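K.L.:
Next up is a structure, given as structure tokens.
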Amino acid sequence: MSSTTAVSAPPRVKVPRWVAPVGAVVLFAAAYLAFRGTGTLPHDKEAPQFLAVTELREWIDDHRNDNPLFLYFLNYIRLFVGGLYDLFQTTLYALGWPGLTGVMGALAWLAGGWRIALLAVSGVSAFGFLGLWQSSVDTLALVAAAVLLSLAIGIPIGVWAGLSARARRAITPVLDVMQIMPTFAYLAPLALFFHIGAPAGAIATMIYSIPPAIRITALAISEVSPTAVEASASLGATRRQTLFKVYLPLARSTMALAVNQTIMMALSMVVIANLISAPGLGGDIIRGLSRAQVGIMLPAGVAIVVMAVVLDRMMMSVAQRGSAVGWRSGGSGATRAGEGGGAGATERASRSAAMNRPHAKLSRIDLVAAGVLAAVGLALIPVLPRVWPESWTINVVAEVNDAVRWAETTWYPVTTFIKDLVTASLLNPLETLLTSAPWWLVTLAVLAVAWRVSGVRPALIALGCLLAIALLGTWEHAMQTMTTVAVAVLVTLVIGLLLGVAAARSPRYSAVQRPLLDAAQTMPAFVYLLPALALFETTRFTAIFASIIYAVPPVVRLVEDGIKAVPATVVEAASSAGSTRGQLLWKVQLPMARQAILLAANQGIVMTLAMVVVGGLVGAGALGYDVVLGFSQRTDFGLGFVAGIATVLLGVMLDRITQGADRRSSPRKRKSP
Amino acid sequence: MKIRLLAGLLTAGLTLGLATACGGATVETSPSSTAAPQGGASSAGGTVKIAINPWVGYEASANVVAYLLKNELGYTVELPEIKEQLAWEGFETGDVDVIIENWGHPDLKKQFIEEKKVAVEAGSTGNKGVIGWYIPKWMADKYPDITDYKNLNKYAELFKTSESGDKGQLLFGDPSYVSNEEALIKNLKLNYKVVVGGSEAALIKGAQQAQTQQKPLLFYFWDPHWLFSKTDLVRVNLPAYTEGCDADPKKVACDYPEMDLDKIVSKKFADTGGKAYELVKNFTWTNEDQNAVADDMTNNGMTGEQAAKKWVEANTAKWQAWIPK
């Protein structure tokens, strides 16, 4: 409990524990009333730092083809990645839909038998039925290029980090920051250096999806049994031999997880990459957004989810095929916050891997079946039309739009009431509070809270981030974004606690809820914008609603696990001492699950921030909108760029404030139920 | 020029490698290379990429041209969703061949046409475009002096919403639209806040509700648009446009000019686009034509292709003149 000792370091006699915090709150309230309206840092669109970045971009644009850095380095990277993307795209186009369906089916069969193969075949066909064949293939090619690059770079770094503790110490903080960076923050710098289009999109996706590749590989390598390494070394194996014959084979199944996570991350980024003109399904999503037509977005959203599910199940089967033991001992860092959609995957695999006995080796039947499937697919390429026949597509645009319109008009009173209530009672007052308070007061408050919750070092880091935000000239918008995040996190935690407690108390309810949570965590972030947009049009509340449904699943899961982890003996003792169920919950289970709940808050905050920023697309305003604007208007590029940096700083700050829980003891270390 | 050469070599190498490796490299696979014409758009059956900007009038023009390119000239047409300013950059990266309806953008013309020489003008679309601030007609009837910008502050109270705080709301559309709003509000000292609806659809919906339910609304809008024939709207008079009053974007204090909307194509497409380029260059129609197609797309449940087909079938004489001989 380093934090509490830090705050109440000089132990005074007989002062009740609540005095210090309450006193602090009163003090801050008084200071706010006294200094309100002074020391605010209003937003200035023409701030010199924004203009400087805009000018830098203009300069780079003008010198992209004659500056040596671009000429001999960056443009080559761009060309190489572009070539890789073209390679995948050409191959996939050449396969056509029969070929691709067959090959994917075959791969899936090899990965996990006929069930997975069936899933893959129907999943790939779904792209066609949805009328999105070409966009889906573009997306698939982009994901393939990005994931390949991620793995090519991530696995060696991961192996290095797994073998050397020093390397791991150096890399971990970088990965931490990368994982709390919202997707949007990656785009502007990449547009600056790699221009726009598919290569820039692939590079953005690669950078976003690389952390799990490094992290899980490092974990896998470091968990290879030392005896095996010892044995091979004593038999005279060289380091290279030990690496390739001992480490990598033994770490294989965990590394399949690394691949899986990387793919999931890539899928959530690839859509956002459309903002810098990357091709694929993102285009359809943006088209729907800019027409305010859910009917256009829905099929694209479904296609992305289908793609995620198919790839997820395939990689999961591969992971399960290997040994289920070995890597379970301590997955502390691997699934830390911010991995977004795939956060639960590792855990999920451990559970299912523990339940299913490892598959036997591939049987000959499997091989034959897979071969036949692939051969049939390839043989059909010249026979069937190259383009997916239009008569086979299901066009639901009009129907979905009608349904949405119906929902809008029918539920209009209810949704408007909720929206206005939250906006008027929570959002606006809090926003006024944060933007009208002097900057030094907010900074002090953040420092105090971070110190209390997480200790000195995180508090200082949080302080540094906040000051940097002020210096960057994004104070007011950062405060607005923070307001949105705060409201969203508040609601998320309330819902998460309710559902988590319910699940912890009723195994039957938990059994119903788990698969839903699993599914929810496989979905890329922006998919949640759809229902939000359908119900609430474009306002700040829309982004809040979307981030709530995005962040609730991991929070529920953490709370449930935290409560379940309270030792049965303690519960027993409390019950036998005559506690009611309510007392048991409030006095025993929740306090003892405090760490897990704090971790849930941390996860919730990081995920909410990511979503609120994406919510810039649907009316969330502030930093997220600045980023969108930066890509829409050349003159505002600097603003968008700086807003991206500010988002990262805000993310780091919020993470540090709540990080105390995570650092002390990770509930993931516990044995899964 | 050096990078062009290297790029060309590399891309050529890659394409060659592909062609031999999988025996199926097609021409439509180079959306990303920075240079090196691959001969795609030059022959019939090539690919033309028309950027789609997010307003339905633009889409109407793009779909009609796309329909003719496909069905009369046998091209493949891609319609990537790329917003106004990014589309100009797309000329440079090869992601875009055509912007079918350009609203002014003298700064971009200078940069991409004169300085970088990656784009060229391809003539007028025949459409006259003008942006302005609008209110529903009932407001002009009830408050006759509201159409003068000098009186806007007097009525700011009416336009307050939950998103605009204590100022009046000026509803804006897609973040990528041509906009002087921030500068106008500042320079004309208006007590208003720009609230971004995020899309054309948000503007249309707002305008329709405002007129039918008699709700106050001040919003950004533009002509040509089908909405004017369905809903009564009145334009607010800002200080009249004079030549050059919008030269410095920060100091703008005048209304938008009437613009002659034009087409911009990439240099590469102009040089190697063959008949496709000719068709794009010849394309010109009236605001009524565009509104008819846009209306079908928005209100009659047609896709862009269906609406284009309907117009093409009904107006053979017009488009026959565009088809290159």
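Order determines the names: the first chain of the structure tokens is A, the second B, and so forth; residues in each chain are numbered 1 upward, and ligands are numbered 1 upward as they are shown.
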Would you pick out the contacts of segment 302-310 of chain B at 8 Å or less, using only C-alpha atoms, so that residues sharing its chain but fewer than 5 positions from it are not included, and give the list as number ranges by chain?

P.N.:
B: 59-60, 63-64, 67, 293-294, 296-297

K.L.:
At a cut-off of 10 Å, using only C-alpha atoms, what residues contact Phe91 of chain B? Leave out same-chain residues fewer than 4 positions from it and give the result as a list in words.

P.N.:
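Listed by chain and then number, they are Thr34, Ala51, Leu86, Ala87, Asp95, Val96, Asp97, Val98, Ile99, Phe112, Lys117, Val118, Ala119, Val120, Ile264, Val265, Ser266, Lys267, Lys268 and Phe269 of chain B.
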
K.L.:
Pull out every residue of chain A sitting within 8 Å of chain B, counting only C-alpha atoms, and send them as an NGL selection string.

P.N.:
:A and (62 or 65 or 71 or 79 or 82-83 or 86-87 or 89-91 or 94 or 195-199 or 276-277 or 279 or 283-284 or 286-287 or 289-292 or 398 or 420 or 423-424 or 538-539 or 617-619 or 628-629 or 631-634)

K.L.:
Deliver the residues from the most recent selection as a file, using C-alpha atoms, as a PDB file, in the first residue's frame.

P.N.:
ATOM      1  CA  ASP A  62       7.431  20.107 -50.950  1.00  0.00           C
ATOM      2  CA  ASN A  65      11.124  14.010 -53.451  1.00  0.00           C
ATOM      3  CA  LEU A  71      14.873  10.039 -50.984  1.00  0.00           C
ATOM      4  CA  LEU A  79       7.682   1.648 -51.619  1.00  0.00           C
ATOM      5  CA  GLY A  82       3.401  -0.610 -50.839  1.00  0.00           C
ATOM      6  CA  GLY A  83       4.952  -3.441 -52.830  1.00  0.00           C
ATOM      7  CA  ASP A  86       0.324  -4.953 -53.784  1.00  0.00           C
ATOM      8  CA  LEU A  87       1.723  -8.452 -53.616  1.00  0.00           C
ATOM      9  CA  GLN A  89      -3.672  -7.774 -53.022  1.00  0.00           C
ATOM     10  CA  THR A  90      -2.649  -9.180 -56.387  1.00  0.00           C
ATOM     11  CA  THR A  91      -2.425 -12.679 -54.992  1.00  0.00           C
ATOM     12  CA  ALA A  94      -5.777 -13.613 -58.583  1.00  0.00           C
ATOM     13  CA  HIS A 195       2.190  10.373 -47.142  1.00  0.00           C
ATOM     14  CA  ILE A 196      -1.268   8.855 -47.489  1.00  0.00           C
ATOM     15  CA  GLY A 197      -2.654   5.734 -49.103  1.00  0.00           C
ATOM     16  CA  ALA A 198      -2.281   2.003 -48.603  1.00  0.00           C
ATOM     17  CA  PRO A 199       1.420   1.958 -47.583  1.00  0.00           C
ATOM     18  CA  ILE A 276      -5.402   8.529 -44.480  1.00  0.00           C
ATOM     19  CA  SER A 277      -6.916   6.997 -47.609  1.00  0.00           C
ATOM     20  CA  PRO A 279      -8.373   1.171 -49.030  1.00  0.00           C
ATOM     21  CA  GLY A 283     -14.094   3.323 -46.776  1.00  0.00           C
ATOM     22  CA  ASP A 284     -17.586   1.888 -46.429  1.00  0.00           C
ATOM     23  CA  ILE A 286     -16.623   6.339 -43.425  1.00  0.00           C
ATOM     24  CA  ARG A 287     -19.083   6.525 -46.301  1.00  0.00           C
ATOM     25  CA  LEU A 289     -20.700   7.972 -41.335  1.00  0.00           C
ATOM     26  CA  SER A 290     -20.613  10.875 -43.742  1.00  0.00           C
ATOM     27  CA  ARG A 291     -24.070   9.979 -45.085  1.00  0.00           C
ATOM     28  CA  ALA A 292     -25.347   9.250 -41.567  1.00  0.00           C
ATOM     29  CA  ALA A 398     -32.604   0.267 -47.396  1.00  0.00           C
ATOM     30  CA  ASP A 420     -30.240  15.480 -22.648  1.00  0.00           C
ATOM     31  CA  THR A 423     -25.524  16.084 -21.137  1.00  0.00           C
ATOM     32  CA  ALA A 424     -27.230  18.537 -18.829  1.00  0.00           C
ATOM     33  CA  THR A 538     -23.906  12.963 -33.761  1.00  0.00           C
ATOM     34  CA  THR A 539     -23.392  14.432 -30.308  1.00  0.00           C
ATOM     35  CA  LEU A 617     -16.029  10.947 -36.008  1.00  0.00           C
ATOM     36  CA  VAL A 618     -19.512  11.015 -34.511  1.00  0.00           C
ATOM     37  CA  GLY A 619     -19.651  14.319 -32.721  1.00  0.00           C
ATOM     38  CA  VAL A 628     -10.237  14.231 -37.779  1.00  0.00           C
ATOM     39  CA  LEU A 629     -10.103  17.884 -38.778  1.00  0.00           C
ATOM     40  CA  PHE A 631      -6.883  15.152 -41.990  1.00  0.00           C
ATOM     41  CA  SER A 632      -9.801  17.008 -43.496  1.00  0.00           C
ATOM     42  CA  GLN A 633      -8.340  20.496 -43.774  1.00  0.00           C
ATOM     43  CA  ARG A 634      -4.722  21.002 -44.693  1.00  0.00           C
TER      44      ARG A 634
END

K.L.:
Just the residues within 8 Å of segment 596-610 of chain A, please, counting only C-alpha atoms, with nothing from its chain fewer than 2 positions along; format it as a PyMOL selection string.

P.N.:
chain A and resi 180-183+337-338+340+485-486+488-489+492-493+547-548+550-552+554-556+558-559+561-562+593-594+612-614+651+654-655+658-662+666-667

K.L.:
Which is closest to Asn153 of chain B among B:Ile204, B:Val252, B:Ala66, B:Ile185, if we use only C-alpha atoms?

P.N.:
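Between B:Ile204, B:Val252, B:Ala66, B:Ile185, the residue approaching Asn153 of chain B most closely is B:Ile185.
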
K.L.:
Atom CA of Pro211 of chain A and atom CA of Phe70 of chain A, how far apart in Å?

P.N.:
26.2 Å

K.L.:
Rank nothing, just name the residue among A:His477, A:Arg386, A:Arg405, A:Arg240 nearest to Leu41 of chain A, using only C-alpha atoms.

P.N.:
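Looking at the shortest contact to Leu41 of chain A, the residue is A:His477.
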
K.L.:
Which residues are near segment 137-152 of chain B? Cut-off 7 Å, only C-alpha atoms, ignore same chain within fewer than 2 positions. Put them as an NGL selection string.

P.N.:
:B and (135 or 154-156 or 211 or 214 or 216 or 232-238)

K.L.:
Would you save the residues from that selection as a compact mmCIF listing (two decimals), in the first residue's frame, using N, CA and C atoms?

P.N.:
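Once everything was written out, this is again-v2.txt:
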# COMPACT_ATOMS: atom_id res chain seq x y z
N ILE B 135 -31.56 29.75 -42.95
CA ILE B 135 -32.51 29.51 -41.88
C ILE B 135 -33.80 28.99 -42.52
N LYS B 154 -28.77 39.56 -32.02
CA LYS B 154 -30.03 39.83 -31.32
C LYS B 154 -30.81 38.53 -31.11
N TYR B 155 -30.67 37.61 -32.07
CA TYR B 155 -31.46 36.38 -32.01
C TYR B 155 -30.64 35.17 -31.55
N ALA B 156 -29.42 35.42 -31.10
CA ALA B 156 -28.55 34.29 -30.75
C ALA B 156 -29.21 33.35 -29.74
N GLN B 211 -37.99 23.30 -40.37
CA GLN B 211 -39.10 23.91 -41.09
C GLN B 211 -40.43 23.27 -40.69
N GLN B 214 -41.08 23.93 -36.91
CA GLN B 214 -40.89 25.34 -36.54
C GLN B 214 -39.85 25.50 -35.43
N PRO B 216 -35.98 26.73 -34.40
CA PRO B 216 -34.96 27.63 -34.93
C PRO B 216 -33.71 26.85 -35.33
N ASP B 232 -38.52 24.98 -47.75
CA ASP B 232 -38.31 26.42 -47.94
C ASP B 232 -37.23 26.93 -47.02
N LEU B 233 -36.17 27.41 -47.62
CA LEU B 233 -35.05 27.92 -46.85
C LEU B 233 -34.74 29.35 -47.29
N VAL B 234 -34.22 30.14 -46.36
CA VAL B 234 -33.88 31.52 -46.69
C VAL B 234 -32.42 31.76 -46.32
N ARG B 235 -31.73 32.45 -47.22
CA ARG B 235 -30.32 32.67 -46.97
C ARG B 235 -30.12 33.91 -46.11
N VAL B 236 -29.18 33.83 -45.18
CA VAL B 236 -28.83 34.98 -44.36
C VAL B 236 -27.81 35.81 -45.14
N ASN B 237 -28.02 37.12 -45.18
CA ASN B 237 -27.10 37.97 -45.95
C ASN B 237 -25.89 38.37 -45.12
N LEU B 238 -24.78 37.82 -45.49
CA LEU B 238 -23.51 38.26 -44.89
C LEU B 238 -23.01 39.43 -45.73

K.L.:
Report the distance between atom CA of Thr38 of chain A and atom CA of Ser436 of chain A in Å, rounded to one decimal place.

P.N.:
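Separation between atom CA of Thr38 of chain A and atom CA of Ser436 of chain A: 7.5 Å.
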
K.L.:
Got a sec: who's within 9 Å of segment 230-236 of chain A, counting only C-alpha atoms, leaving out chain neighbours fewer than 5 positions off, as a ChimeraX atom specification?

P.N.:
/A:225,241-242,245-246

K.L.:
Keeping N, CA and C atoms for every residue in the selection just given, could you write it to a file as a PDB file, in the first residue's frame?

P.N.:
ATOM      1  N   SER A 225      11.122 -23.905 -20.288  1.00  0.00           N
ATOM      2  CA  SER A 225      11.718 -24.484 -19.088  1.00  0.00           C
ATOM      3  C   SER A 225      13.245 -24.413 -19.143  1.00  0.00           C
ATOM      4  N   GLN A 241      21.467 -22.857 -32.299  1.00  0.00           N
ATOM      5  CA  GLN A 241      20.736 -24.124 -32.267  1.00  0.00           C
ATOM      6  C   GLN A 241      19.733 -24.143 -31.115  1.00  0.00           C
ATOM      7  N   THR A 242      20.192 -23.630 -29.947  1.00  0.00           N
ATOM      8  CA  THR A 242      19.284 -23.622 -28.805  1.00  0.00           C
ATOM      9  C   THR A 242      18.047 -22.800 -29.130  1.00  0.00           C
ATOM     10  N   LYS A 245      16.060 -24.782 -32.030  1.00  0.00           N
ATOM     11  CA  LYS A 245      15.614 -26.155 -31.769  1.00  0.00           C
ATOM     12  C   LYS A 245      14.939 -26.299 -30.412  1.00  0.00           C
ATOM     13  N   VAL A 246      15.211 -25.385 -29.512  1.00  0.00           N
ATOM     14  CA  VAL A 246      14.623 -25.531 -28.178  1.00  0.00           C
ATOM     15  C   VAL A 246      13.601 -24.432 -27.901  1.00  0.00           C
TER      16      VAL A 246
END

K.L.:
Neighbouring residues of Thr139 of chain A were defined as those with any atom within 7 Å, considering only C-alpha atoms; residues of the same chain fewer than 2 positions away were excluded. Please report them as a list in words.

P.N.:
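Returned residues: Ser135, Ser136, Val137, Ala141, Leu142, Val143, Pro279, Gly280 and Leu281 of chain A.
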
K.L.:
Can you list, as a ChimeraX atom specification, every residue of segment 230-284 of chain B that DSSP puts in alpha helix (DSSP H)?

P.N.:
/B:267-272,274-282

K.L.:
Would you write out those residues with C-alpha atoms, as a PDB file, in the first residue's frame?

P.N.:
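Heads up, here's the output in result_23.pdb:
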ATOM      1  CA  LYS B 267      -1.450  14.786 -64.602  1.00  0.00           C
ATOM      2  CA  LYS B 268      -0.899  11.129 -65.232  1.00  0.00           C
ATOM      3  CA  PHE B 269      -4.549  10.579 -66.071  1.00  0.00           C
ATOM      4  CA  ALA B 270      -4.569  13.595 -68.366  1.00  0.00           C
ATOM      5  CA  ASP B 271      -1.534  12.220 -70.211  1.00  0.00           C
ATOM      6  CA  THR B 272      -2.439   8.553 -70.410  1.00  0.00           C
ATOM      7  CA  GLY B 274      -7.177   8.288 -73.328  1.00  0.00           C
ATOM      8  CA  LYS B 275     -10.897   8.201 -73.903  1.00  0.00           C
ATOM      9  CA  ALA B 276     -11.686   8.162 -70.215  1.00  0.00           C
ATOM     10  CA  TYR B 277      -9.962  11.499 -69.839  1.00  0.00           C
ATOM     11  CA  GLU B 278     -11.794  12.850 -72.868  1.00  0.00           C
ATOM     12  CA  LEU B 279     -15.133  11.868 -71.362  1.00  0.00           C
ATOM     13  CA  VAL B 280     -14.311  13.481 -68.010  1.00  0.00           C
ATOM     14  CA  LYS B 281     -13.196  16.611 -69.808  1.00  0.00           C
ATOM     15  CA  ASN B 282     -16.359  16.785 -71.910  1.00  0.00           C
TER      16      ASN B 282
END

K.L.:
Rounded to one decimal, what separation in Å do you get between atom CA of Glu476 of chain A and atom CA of Asp44 of chain A?

P.N.:
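Taking atom CA of Glu476 of chain A as the start and atom CA of Asp44 of chain A as the end point, the length is 9.2 Å.
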
K.L.:
Find the residues near Trp392 of chain A: any atom within 12 Å, counting only C-alpha atoms, skip ones fewer than 2 places away on the same chain, and give them as a PDB file with C-alpha atoms, in the first residue's frame.

P.N.:
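Below is the file out_29.pdb, written as the result:
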ATOM      1  CA  SER A 125     -18.451 -16.291 -48.575  1.00  0.00           C
ATOM      2  CA  ALA A 126     -20.180 -13.806 -46.303  1.00  0.00           C
ATOM      3  CA  PHE A 127     -17.943 -11.063 -47.700  1.00  0.00           C
ATOM      4  CA  GLY A 128     -19.435 -11.789 -51.087  1.00  0.00           C
ATOM      5  CA  PHE A 129     -22.995 -12.081 -49.864  1.00  0.00           C
ATOM      6  CA  LEU A 130     -22.672  -8.757 -48.140  1.00  0.00           C
ATOM      7  CA  GLY A 131     -21.644  -7.244 -51.460  1.00  0.00           C
ATOM      8  CA  LEU A 132     -18.282  -6.242 -50.069  1.00  0.00           C
ATOM      9  CA  TRP A 133     -15.964  -8.668 -51.748  1.00  0.00           C
ATOM     10  CA  PRO A 385     -17.056 -15.515 -62.738  1.00  0.00           C
ATOM     11  CA  VAL A 387     -16.165 -10.977 -59.686  1.00  0.00           C
ATOM     12  CA  TRP A 388     -18.697 -12.041 -57.102  1.00  0.00           C
ATOM     13  CA  PRO A 389     -22.016 -12.245 -58.975  1.00  0.00           C
ATOM     14  CA  GLU A 390     -24.243  -9.365 -58.027  1.00  0.00           C
ATOM     15  CA  ILE A 394     -27.958  -9.471 -50.118  1.00  0.00           C
ATOM     16  CA  ASN A 395     -28.597  -5.752 -50.108  1.00  0.00           C
TER      17      ASN A 395
END

K.L.:
Write down as a ChimeraX atom specification the residues belonging to segment 177-276 of chain B that are assigned strand (DSSP E) by DSSP computed on the backbone.

P.N.:
/B:192-196,218-223,233-236,258-266

K.L.:
Next, dump the selected residues to file, keeping only C-alpha atoms, as a PDB file, in the first residue's frame.

P.N.:
ATOM      1  CA  TYR B 192     -22.195  32.004 -32.207  1.00  0.00           C
ATOM      2  CA  LYS B 193     -20.434  28.673 -31.985  1.00  0.00           C
ATOM      3  CA  VAL B 194     -19.849  26.282 -34.869  1.00  0.00           C
ATOM      4  CA  VAL B 195     -21.293  22.875 -34.010  1.00  0.00           C
ATOM      5  CA  VAL B 196     -20.225  20.146 -36.396  1.00  0.00           C
ATOM      6  CA  LEU B 218     -28.987  28.433 -38.468  1.00  0.00           C
ATOM      7  CA  PHE B 219     -26.932  26.222 -40.701  1.00  0.00           C
ATOM      8  CA  TYR B 220     -24.293  25.981 -43.386  1.00  0.00           C
ATOM      9  CA  PHE B 221     -25.601  24.845 -46.756  1.00  0.00           C
ATOM     10  CA  TRP B 222     -24.976  25.091 -50.455  1.00  0.00           C
ATOM     11  CA  ASP B 223     -26.588  25.227 -53.845  1.00  0.00           C
ATOM     12  CA  LEU B 233     -35.050  27.923 -46.850  1.00  0.00           C
ATOM     13  CA  VAL B 234     -33.876  31.519 -46.685  1.00  0.00           C
ATOM     14  CA  ARG B 235     -30.319  32.671 -46.970  1.00  0.00           C
ATOM     15  CA  VAL B 236     -28.829  34.983 -44.365  1.00  0.00           C
ATOM     16  CA  GLU B 258     -20.623  32.008 -56.555  1.00  0.00           C
ATOM     17  CA  MET B 259     -18.229  29.441 -57.862  1.00  0.00           C
ATOM     18  CA  ASP B 260     -17.892  27.822 -61.215  1.00  0.00           C
ATOM     19  CA  LEU B 261     -17.443  24.199 -60.133  1.00  0.00           C
ATOM     20  CA  ASP B 262     -14.800  22.416 -62.116  1.00  0.00           C
ATOM     21  CA  LYS B 263     -13.088  19.089 -62.628  1.00  0.00           C
ATOM     22  CA  ILE B 264      -9.527  18.309 -61.634  1.00  0.00           C
ATOM     23  CA  VAL B 265      -7.610  15.270 -62.843  1.00  0.00           C
ATOM     24  CA  SER B 266      -4.173  13.909 -62.132  1.00  0.00           C
TER      25      SER B 266
END

K.L.:
Using only C-alpha atoms, can you tell me which of A:Leu447, A:Leu535, A:Ile157, A:Arg169 comes closest to Trp411 of chain A?

P.N.:
A:Leu535
